[in-house]
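Asks: Below are the structure tokens for one structure; questions will follow.
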Amino acid sequence: TREIQVDATEFKFTPGDQTFKAGEKIKVTVTNKGTVDHTWVLTDSSNKELFKMTIPVGKTVSQDLTVPTTPGAYIIVCDIAGHKEAGMTAKATVQ
């Protein structure tokens, strides 16, 4: 299991864009360094939620993700109202 570590702030993920292997098992660890709650949500191109974690202010949360088996372009977003619109998105590429 590979681990990725991401920081969430207003209104971005660092690092943002991610590349995964199809079907890979990933431990996603997100630290919320912002001043409001955030989420880290993986969606497909039709905006269907595939994976979601909620990270309260000042907390670090880890969750296991099994990457989709279909290669292509996916999207990472914070789905809290207004955050995606403020630019809290990133690209996920599944190879």
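The way I read the labels, and the way they are meant: chains A, B, ... in the order of the structure tokens, residue 1 as the first residue of every chain, and ligand 1 as the first ligand shown, with later ones counted on from there.
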List the spatial neighbours of Ser62 (chain A) as a list in words - criterion: any atom at most 10 Å away, only C-alpha atoms, same-chain residues fewer than 4 positions off excluded.
Replies: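 Final neighbour list, sorted by chain and number: Glu3, Ile4, Gln5, Lys27, Val28, Thr29, Val30, Thr31, Met53, Thr54 and Ile55 of chain A.
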Asks: Step one, run DSSP on the backbone; step two, keep only residues of region 25-58 of chain A assigned to strand (DSSP E or B); then write them as a PyMOL selection string.
Replies: chain A and resi 25-32+38-43+49-55
Asks: Nearest to Thr89 (chain A) among A:His38, A:Arg2, A:Lys33, A:Lys25, with distances taken over only C-alpha atoms: which residue is it?
Replies: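 Checking each candidate against Thr89 (chain A), we get A:His38 as the closest.
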Asks: At a cut-off of 12 Å, using only C-alpha atoms, what residues contact Thr35 (chain A)? Leave out same-chain residues fewer than 3 positions from it and give the result as a ChimeraX atom specification.
Replies: /A:8-11,31-32,38,55-59
Asks: Quote the spacing between CA of Ala92 (chain A) and CA of Glu49 (chain A) in Å to one decimal place.
Replies: 13.3 Å
Asks: Record the distance separating CA of Ile76 (chain A) and CA of Ile26 (chain A), expressed in Å with one decimal.
Replies: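 Separation of CA of Ile76 (chain A) and CA of Ile26 (chain A): 14.5 Å.
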Asks: When you count only C-alpha atoms, which of these residues is closest to Thr14 (chain A): A:Phe51, A:Thr1, A:Gly82, A:Trp40?
Replies: A:Trp40
Asks: Give the answer as one residue: which of A:Ala86, A:Val94, A:Ala81, A:Val61 has the shortest atom-to-atom distance to Gln18 (chain A), using only C-alpha atoms?
Replies: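 Going through A:Ala86, A:Val94, A:Ala81, A:Val61 one by one, the smallest distance to Gln18 (chain A) is for A:Val94.
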Asks: Can you work out the spacing between CA of Cys78 (chain A) and CA of Gly16 (chain A) in Å, to one decimal?
Replies: 11.5 Å
Asks: With a distance cut-off of 12 Å and only C-alpha atoms, select the neighbouring residues of Tyr74 (chain A), excluding the residue or stretch itself and same-chain residues fewer than 3 positions from it, and output the selection as a PyMOL selection string.
Replies: chain A and resi 17-20+22+41-51+67-71+77+89-95
Asks: Rank A:Met88, A:Pro15, A:Glu24, A:Asp7 by their smallest atom-to-atom distance to Leu65 (chain A), using only C-alpha atoms, and report the top residue only.
Replies: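 For Leu65 (chain A), the nearest of the candidates is A:Glu24.
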